[in-house]
>>> print(open('model28.tsv').read())   # TSV, C-alpha atoms
chain	number	residue	atom	x	y	z
L	1	TYR	CA	0.00	0.00	0.00
L	2	GLN	CA	2.77	2.43	0.90
L	3	ASP	CA	4.58	1.87	-2.39
L	4	ALA	CA	1.39	2.43	-4.38
L	5	ALA	CA	0.60	5.61	-2.45
L	6	ALA	CA	4.17	6.85	-2.91
L	7	ALA	CA	4.00	6.26	-6.68
L	8	PHE	CA	0.66	8.06	-6.97
L	9	ASP	CA	1.87	10.97	-4.83
L	10	TYR	CA	5.09	11.21	-6.83
L	11	LEU	CA	3.11	11.54	-10.06
L	12	VAL	CA	0.86	14.22	-8.60
L	13	GLU	CA	3.33	16.20	-6.50
L	14	GLN	CA	6.64	15.86	-8.35
L	15	ARG	CA	5.60	15.23	-11.93
L	16	GLN	CA	2.53	17.51	-11.75
L	17	VAL	CA	0.19	14.88	-13.23
L	18	SER	CA	-3.42	15.64	-12.45
L	19	PRO	CA	-5.30	12.86	-10.60
L	20	ALA	CA	-7.91	13.38	-13.34
L	21	ASP	CA	-5.36	11.85	-15.73
L	22	ILE	CA	-4.48	8.80	-13.62
L	23	VAL	CA	-6.10	5.42	-14.14
L	24	ILE	CA	-5.16	2.91	-11.45
L	25	TYR	CA	-4.77	-0.68	-12.67
L	26	GLY	CA	-4.23	-3.87	-10.71
L	27	ARG	CA	-4.29	-7.55	-11.54
L	28	SER	CA	-4.78	-10.48	-9.16
L	29	LEU	CA	-3.23	-9.51	-5.80
L	30	GLY	CA	-2.39	-6.14	-7.36
L	31	GLY	CA	-6.13	-5.56	-7.71
L	32	ALA	CA	-6.42	-5.39	-3.93
L	33	VAL	CA	-3.62	-2.82	-3.76
L	34	ALA	CA	-5.15	-0.84	-6.63
L	35	THR	CA	-8.56	-0.83	-4.93
L	36	TRP	CA	-7.01	0.39	-1.69
L	37	LEU	CA	-5.17	3.14	-3.58
L	38	ALA	CA	-8.31	4.25	-5.40
L	39	ALA	CA	-10.10	4.46	-2.03
L	40	HIS	CA	-7.34	6.65	-0.56
L	41	ARG	CA	-6.57	8.85	-3.58
L	42	ARG	CA	-8.86	10.27	-6.26
L	43	PRO	CA	-7.94	8.83	-9.67
L	44	VAL	CA	-10.13	9.22	-12.73
L	45	ALA	CA	-10.78	5.45	-12.90
L	46	LEU	CA	-9.93	2.05	-11.44
L	47	ILE	CA	-9.39	-1.12	-13.49
L	48	VAL	CA	-8.92	-4.49	-11.81
L	49	GLU	CA	-8.48	-7.84	-13.52
L	50	SER	CA	-8.68	-11.37	-12.11
L	51	THR	CA	-8.88	-10.11	-8.54
L	52	PHE	CA	-10.87	-11.02	-5.47
L	53	THR	CA	-13.18	-9.74	-2.76
L	54	ARG	CA	-10.98	-10.59	0.23
L	55	LEU	CA	-7.82	-12.65	0.39
L	56	SER	CA	-9.44	-14.87	3.00
L	57	ASP	CA	-12.24	-15.69	0.52
L	58	VAL	CA	-9.64	-17.08	-1.88
L	59	GLY	CA	-8.01	-18.97	0.98
L	60	ASN	CA	-11.35	-20.50	1.96
L	61	TYR	CA	-11.96	-21.48	-1.65
L	62	ARG	CA	-8.52	-23.06	-2.07
L	63	TYR	CA	-8.27	-24.63	1.40
L	64	PRO	CA	-11.81	-25.16	2.72
L	65	TRP	CA	-10.60	-27.44	5.52
L	66	LEU	CA	-8.39	-24.76	7.11
L	67	PRO	CA	-9.53	-21.89	9.37
L	68	VAL	CA	-8.13	-19.38	6.90
L	69	ARG	CA	-9.72	-16.31	8.48
L	70	LEU	CA	-8.08	-17.13	11.79
L	71	LEU	CA	-4.68	-17.90	10.28
L	72	SER	CA	-4.41	-15.04	7.80
L	73	ARG	CA	-2.55	-11.90	8.77
L	74	ASN	CA	-3.08	-10.20	5.41
L	75	VAL	CA	-6.67	-9.12	4.95
L	76	PHE	CA	-6.64	-7.37	1.55
L	77	ASP	CA	-10.36	-6.63	1.89
L	78	SER	CA	-11.24	-5.07	-1.44
L	79	VAL	CA	-14.97	-5.13	-0.71
L	80	ALA	CA	-14.45	-2.90	2.33
L	81	GLN	CA	-12.10	-0.62	0.40
L	82	MET	CA	-14.56	-0.30	-2.49
L	83	ALA	CA	-16.82	1.77	-0.22
L	84	GLY	CA	-14.24	4.56	-0.41
L	85	VAL	CA	-13.75	4.41	-4.19
L	86	ARG	CA	-15.50	7.32	-5.90
L	87	CYS	CA	-14.39	6.86	-9.51
L	88	PRO	CA	-15.73	4.58	-12.23
L	89	VAL	CA	-14.57	0.97	-11.82
L	90	LEU	CA	-14.04	-1.73	-14.42
L	91	VAL	CA	-13.73	-5.29	-13.12
L	92	ALA	CA	-12.65	-7.90	-15.69
L	93	HIS	CA	-12.40	-11.60	-14.97
L	94	GLY	CA	-11.90	-14.82	-16.89
L	95	ALA	CA	-14.69	-17.38	-16.97
L	96	THR	CA	-12.37	-20.35	-16.45
L	97	ASP	CA	-10.20	-18.84	-13.70
L	98	THR	CA	-9.59	-21.61	-11.16
L	99	THR	CA	-7.10	-19.58	-9.09
L	100	VAL	CA	-9.55	-16.79	-8.30
L	101	PRO	CA	-13.01	-17.80	-9.54
L	102	GLN	CA	-14.96	-15.30	-11.59
L	103	ALA	CA	-17.62	-15.18	-8.87
L	104	PHE	CA	-15.18	-13.17	-6.73
L	105	GLY	CA	-14.75	-10.59	-9.50
L	106	ARG	CA	-18.51	-10.36	-9.97
L	107	ALA	CA	-19.02	-9.90	-6.23
L	108	LEU	CA	-16.37	-7.16	-6.14
L	109	ALA	CA	-18.08	-5.34	-9.02
L	110	THR	CA	-21.42	-5.66	-7.22
L	111	SER	CA	-19.89	-4.15	-4.08
L	112	ALA	CA	-18.90	-1.08	-6.12
L	113	GLY	CA	-22.52	-0.46	-7.06
L	114	PRO	CA	-23.60	1.49	-10.13
L	115	ARG	CA	-20.19	3.03	-10.77
L	116	ALA	CA	-18.82	-0.44	-11.70
L	117	ILE	CA	-18.84	-2.31	-14.99
L	118	PHE	CA	-18.14	-6.04	-15.04
L	119	VAL	CA	-16.52	-7.57	-18.11
L	120	ALA	CA	-16.60	-11.34	-18.44
L	121	LEU	CA	-13.59	-12.63	-20.32
L	122	SER	CA	-12.83	-16.06	-21.66
L	123	GLY	CA	-9.69	-17.68	-20.33
L	124	GLY	CA	-8.18	-18.39	-16.97
L	125	HIS	CA	-6.28	-16.49	-14.32
L	126	ASN	CA	-3.13	-15.85	-16.34
L	127	ASP	CA	-4.48	-15.52	-19.86
L	128	ALA	CA	-7.93	-13.89	-19.69
L	129	PHE	CA	-6.64	-10.49	-20.78
L	130	ILE	CA	-4.96	-12.17	-23.76
L	131	GLN	CA	-7.98	-14.33	-24.59
L	132	GLY	CA	-10.14	-11.19	-24.50
L	133	GLY	CA	-8.13	-9.90	-27.46
L	134	GLN	CA	-9.11	-6.86	-29.46
L	135	ALA	CA	-12.68	-6.88	-28.16
L	136	TYR	CA	-11.43	-6.47	-24.61
L	137	TYR	CA	-8.92	-3.80	-25.64
L	138	ARG	CA	-11.75	-1.84	-27.28
L	139	GLN	CA	-13.76	-2.12	-24.04
L	140	LEU	CA	-10.78	-0.85	-22.05
L	141	ASP	CA	-10.35	2.04	-24.46
L	142	GLY	CA	-14.03	2.98	-24.22
L	143	PHE	CA	-13.93	2.79	-20.44
L	144	MET	CA	-10.82	4.97	-20.17
L	145	ARG	CA	-12.17	7.52	-22.64
L	146	HIS	CA	-15.84	7.65	-21.63
L	147	GLY	CA	-16.37	5.57	-18.48
L	148	THR	CA	-18.44	3.08	-20.46
L	149	ILE	CA	-17.80	0.04	-22.62
L	150	ASP	CA	-19.13	-0.61	-26.09
>>> encode(input="model28.tsv", output="structure tokens")
Amino acid sequence: YQDAAAAFDYLVEQRQVSPADIVIYGRSLGGAVATWLAAHRRPVALIVESTFTRLSDVGNYRYPWLPVRLLSRNVFDSVAQMAGVRCPVLVAHGATDTTVPQAFGRALATSAGPRAIFVALSGGHNDAFIQGGQAYYRQLDGFMRHGTID
């Protein structure tokens, strides 16, 4: 979190980049950091791919026999952080992701309310953005330009 905040602050304070020109992007675990950053700074938009609601939710999914919530020190609660995000949000997730199931991405988008757009991609955890191809890139472009997807 501190590194992400320092990078954002450097852009704004030292490089004189307007927050209105900054899109925060995070993928997988980076999506949790990006969501936190968007809740604590004011970017123009947030894009997260193949990410989750809470790290403990992924732990429970992967290891249902362990008391993950009791054992985990890292919370990475993106659902809670989403309450502080004020910008448009795009959540993209692969349909065949077995590392972080698409249901977590959908739930995260739902937690963001009407300011969020969910994009279902084909592919798994590490290739959904590639499998999405030009259609996904056009959606990203539309979101970054207009806050909507075509």
>>> residues_around(input="model28.tsv", residues="range 143-147 of chain L", least_positions_apart="3", cutoff="9 Å", atoms="only C-alpha atoms", output="MDAnalysis selection string")
chainID L and resid 23 44:45 88:90 115 117 138:140 150
>>> atom_distance(input="model28.tsv", atom1="CA of Arg42 in chain L", atom2="CA of Ala92 in chain L")
20.8 Å
>>> closest_residue(input="model28.tsv", among="L:Asp77, L:Asp141, L:Asp9, L:Asp21", to="Phe104 in chain L", atoms="all atoms listed in the file")
L:Asp77
>>> closest_residue(input="model28.tsv", among="L:Val17, L:Ala109, L:Val100, L:Ala38", to="Cys87 in chain L", atoms="only C-alpha atoms")
L:Ala38
>>> closest_residue(input="model28.tsv", among="L:Arg54, L:His40, L:Arg15, L:Arg86", to="Asn74 in chain L", atoms="all atoms listed in the file")
L:Arg54
>>> atom_distance(input="model28.tsv", atom1="CA of Val85 in chain L", atom2="CA of Ala128 in chain L")
24.7 Å
>>> residues_around(input="model28.tsv", residues="Ala39 in chain L", least_positions_apart="6", cutoff="7 Å", atoms="all atoms listed in the file", output="number ranges by chain")
L: 81-82, 84-85
>>> closest_residue(input="model28.tsv", among="L:Leu29, L:Ala20, L:Ala80, L:Ala34", to="Ala5 in chain L", atoms="all atoms listed in the file")
L:Ala34
>>> axis_aligned_box(input="model28.tsv", around="range 89-103 of chain L", padding_each_side="6 Å", output="lines of an AutoDock Vina configuration file")
center_x = -12.4
center_y = -10.3
center_z = -12.6
size_x = 22.5
size_y = 34.6
size_z = 20.7
>>> residues_near_point(input="model28.tsv", point="(-8.5, -9.0, 5.2)", cutoff="10 Å", atoms="only C-alpha atoms", output="PDB file with C-alpha atoms, in the frame of the given file")
ATOM      1  CA  THR L  53     -13.180  -9.740  -2.760  1.00  0.00           C
ATOM      2  CA  ARG L  54     -10.980 -10.590   0.230  1.00  0.00           C
ATOM      3  CA  LEU L  55      -7.820 -12.650   0.390  1.00  0.00           C
ATOM      4  CA  SER L  56      -9.440 -14.870   3.000  1.00  0.00           C
ATOM      5  CA  ASP L  57     -12.240 -15.690   0.520  1.00  0.00           C
ATOM      6  CA  ARG L  69      -9.720 -16.310   8.480  1.00  0.00           C
ATOM      7  CA  SER L  72      -4.410 -15.040   7.800  1.00  0.00           C
ATOM      8  CA  ARG L  73      -2.550 -11.900   8.770  1.00  0.00           C
ATOM      9  CA  ASN L  74      -3.080 -10.200   5.410  1.00  0.00           C
ATOM     10  CA  VAL L  75      -6.670  -9.120   4.950  1.00  0.00           C
ATOM     11  CA  PHE L  76      -6.640  -7.370   1.550  1.00  0.00           C
ATOM     12  CA  ASP L  77     -10.360  -6.630   1.890  1.00  0.00           C
ATOM     13  CA  SER L  78     -11.240  -5.070  -1.440  1.00  0.00           C
ATOM     14  CA  VAL L  79     -14.970  -5.130  -0.710  1.00  0.00           C
ATOM     15  CA  ALA L  80     -14.450  -2.900   2.330  1.00  0.00           C
TER      16      ALA L  80
END
>>> closest_residue(input="model28.tsv", among="L:Leu66, L:Ile47, L:Ile24, L:Leu37", to="Val91 in chain L", atoms="all atoms listed in the file")
L:Ile47
>>> build_atoms(input="model28.tsv", residues="range 107-137 of chain L", atoms="N, CA and C atoms", output="PDB file, keeping the file's coordinate frame")
ATOM      1  N   ALA L 107     -18.631 -10.410  -7.543  1.00  0.00           N
ATOM      2  CA  ALA L 107     -19.020  -9.900  -6.230  1.00  0.00           C
ATOM      3  C   ALA L 107     -18.332  -8.566  -5.937  1.00  0.00           C
ATOM      4  N   LEU L 108     -17.078  -8.432  -6.348  1.00  0.00           N
ATOM      5  CA  LEU L 108     -16.370  -7.160  -6.140  1.00  0.00           C
ATOM      6  C   LEU L 108     -17.038  -6.050  -6.950  1.00  0.00           C
ATOM      7  N   ALA L 109     -17.394  -6.339  -8.192  1.00  0.00           N
ATOM      8  CA  ALA L 109     -18.080  -5.340  -9.020  1.00  0.00           C
ATOM      9  C   ALA L 109     -19.419  -4.966  -8.388  1.00  0.00           C
ATOM     10  N   THR L 110     -20.141  -5.929  -7.878  1.00  0.00           N
ATOM     11  CA  THR L 110     -21.420  -5.660  -7.220  1.00  0.00           C
ATOM     12  C   THR L 110     -21.223  -4.757  -6.015  1.00  0.00           C
ATOM     13  N   SER L 111     -20.147  -4.976  -5.271  1.00  0.00           N
ATOM     14  CA  SER L 111     -19.890  -4.150  -4.080  1.00  0.00           C
ATOM     15  C   SER L 111     -19.613  -2.696  -4.436  1.00  0.00           C
ATOM     16  N   ALA L 112     -19.173  -2.451  -5.665  1.00  0.00           N
ATOM     17  CA  ALA L 112     -18.900  -1.080  -6.120  1.00  0.00           C
ATOM     18  C   ALA L 112     -20.164  -0.348  -6.528  1.00  0.00           C
ATOM     19  N   GLY L 113     -21.253  -1.090  -6.708  1.00  0.00           N
ATOM     20  CA  GLY L 113     -22.520  -0.460  -7.060  1.00  0.00           C
ATOM     21  C   GLY L 113     -22.564   0.020  -8.491  1.00  0.00           C
ATOM     22  N   PRO L 114     -23.353   1.058  -8.749  1.00  0.00           N
ATOM     23  CA  PRO L 114     -23.600   1.490 -10.130  1.00  0.00           C
ATOM     24  C   PRO L 114     -22.389   2.109 -10.829  1.00  0.00           C
ATOM     25  N   ARG L 115     -21.371   2.449 -10.106  1.00  0.00           N
ATOM     26  CA  ARG L 115     -20.190   3.030 -10.770  1.00  0.00           C
ATOM     27  C   ARG L 115     -19.289   1.953 -11.377  1.00  0.00           C
ATOM     28  N   ALA L 116     -19.653   0.656 -11.199  1.00  0.00           N
ATOM     29  CA  ALA L 116     -18.820  -0.440 -11.700  1.00  0.00           C
ATOM     30  C   ALA L 116     -19.416  -1.081 -12.952  1.00  0.00           C
ATOM     31  N   ILE L 117     -18.507  -1.532 -13.799  1.00  0.00           N
ATOM     32  CA  ILE L 117     -18.840  -2.310 -14.990  1.00  0.00           C
ATOM     33  C   ILE L 117     -18.092  -3.632 -14.847  1.00  0.00           C
ATOM     34  N   PHE L 118     -18.790  -4.736 -15.061  1.00  0.00           N
ATOM     35  CA  PHE L 118     -18.140  -6.040 -15.040  1.00  0.00           C
ATOM     36  C   PHE L 118     -17.994  -6.544 -16.464  1.00  0.00           C
ATOM     37  N   VAL L 119     -16.803  -7.017 -16.789  1.00  0.00           N
ATOM     38  CA  VAL L 119     -16.520  -7.570 -18.110  1.00  0.00           C
ATOM     39  C   VAL L 119     -16.113  -9.025 -17.935  1.00  0.00           C
ATOM     40  N   ALA L 120     -16.913  -9.920 -18.468  1.00  0.00           N
ATOM     41  CA  ALA L 120     -16.600 -11.340 -18.440  1.00  0.00           C
ATOM     42  C   ALA L 120     -15.688 -11.669 -19.613  1.00  0.00           C
ATOM     43  N   LEU L 121     -14.564 -12.249 -19.295  1.00  0.00           N
ATOM     44  CA  LEU L 121     -13.590 -12.630 -20.320  1.00  0.00           C
ATOM     45  C   LEU L 121     -13.547 -14.147 -20.440  1.00  0.00           C
ATOM     46  N   SER L 122     -13.120 -14.637 -21.576  1.00  0.00           N
ATOM     47  CA  SER L 122     -12.830 -16.060 -21.660  1.00  0.00           C
ATOM     48  C   SER L 122     -11.403 -16.235 -21.145  1.00  0.00           C
ATOM     49  N   GLY L 123     -11.049 -17.432 -20.803  1.00  0.00           N
ATOM     50  CA  GLY L 123      -9.690 -17.680 -20.330  1.00  0.00           C
ATOM     51  C   GLY L 123      -9.618 -17.807 -18.830  1.00  0.00           C
ATOM     52  N   GLY L 124      -8.427 -18.150 -18.377  1.00  0.00           N
ATOM     53  CA  GLY L 124      -8.180 -18.390 -16.970  1.00  0.00           C
ATOM     54  C   GLY L 124      -7.487 -17.231 -16.286  1.00  0.00           C
ATOM     55  N   HIS L 125      -6.870 -17.527 -15.157  1.00  0.00           N
ATOM     56  CA  HIS L 125      -6.280 -16.490 -14.320  1.00  0.00           C
ATOM     57  C   HIS L 125      -5.145 -15.749 -15.018  1.00  0.00           C
ATOM     58  N   ASN L 126      -4.315 -16.462 -15.748  1.00  0.00           N
ATOM     59  CA  ASN L 126      -3.130 -15.850 -16.340  1.00  0.00           C
ATOM     60  C   ASN L 126      -3.242 -15.512 -17.811  1.00  0.00           C
ATOM     61  N   ASP L 127      -4.377 -15.806 -18.429  1.00  0.00           N
ATOM     62  CA  ASP L 127      -4.480 -15.520 -19.860  1.00  0.00           C
ATOM     63  C   ASP L 127      -5.789 -14.849 -20.279  1.00  0.00           C
ATOM     64  N   ALA L 128      -6.635 -14.486 -19.331  1.00  0.00           N
ATOM     65  CA  ALA L 128      -7.930 -13.890 -19.690  1.00  0.00           C
ATOM     66  C   ALA L 128      -7.770 -12.592 -20.473  1.00  0.00           C
ATOM     67  N   PHE L 129      -6.825 -11.763 -20.079  1.00  0.00           N
ATOM     68  CA  PHE L 129      -6.640 -10.490 -20.780  1.00  0.00           C
ATOM     69  C   PHE L 129      -6.136 -10.725 -22.205  1.00  0.00           C
ATOM     70  N   ILE L 130      -5.417 -11.825 -22.414  1.00  0.00           N
ATOM     71  CA  ILE L 130      -4.960 -12.170 -23.760  1.00  0.00           C
ATOM     72  C   ILE L 130      -6.113 -12.780 -24.558  1.00  0.00           C
ATOM     73  N   GLN L 131      -6.846 -13.689 -23.931  1.00  0.00           N
ATOM     74  CA  GLN L 131      -7.980 -14.330 -24.590  1.00  0.00           C
ATOM     75  C   GLN L 131      -9.043 -13.304 -24.986  1.00  0.00           C
ATOM     76  N   GLY L 132      -9.165 -12.232 -24.191  1.00  0.00           N
ATOM     77  CA  GLY L 132     -10.140 -11.190 -24.500  1.00  0.00           C
ATOM     78  C   GLY L 132      -9.841 -10.488 -25.814  1.00  0.00           C
ATOM     79  N   GLY L 133      -8.571 -10.442 -26.176  1.00  0.00           N
ATOM     80  CA  GLY L 133      -8.130  -9.900 -27.460  1.00  0.00           C
ATOM     81  C   GLY L 133      -8.590  -8.484 -27.741  1.00  0.00           C
ATOM     82  N   GLN L 134      -8.773  -8.207 -29.007  1.00  0.00           N
ATOM     83  CA  GLN L 134      -9.110  -6.860 -29.460  1.00  0.00           C
ATOM     84  C   GLN L 134     -10.446  -6.379 -28.905  1.00  0.00           C
ATOM     85  N   ALA L 135     -11.386  -7.293 -28.717  1.00  0.00           N
ATOM     86  CA  ALA L 135     -12.680  -6.880 -28.160  1.00  0.00           C
ATOM     87  C   ALA L 135     -12.501  -6.311 -26.765  1.00  0.00           C
ATOM     88  N   TYR L 136     -11.683  -6.959 -25.953  1.00  0.00           N
ATOM     89  CA  TYR L 136     -11.430  -6.470 -24.610  1.00  0.00           C
ATOM     90  C   TYR L 136     -10.662  -5.149 -24.655  1.00  0.00           C
ATOM     91  N   TYR L 137      -9.697  -5.047 -25.535  1.00  0.00           N
ATOM     92  CA  TYR L 137      -8.920  -3.800 -25.640  1.00  0.00           C
ATOM     93  C   TYR L 137      -9.819  -2.634 -26.042  1.00  0.00           C
TER      94      TYR L 137
END
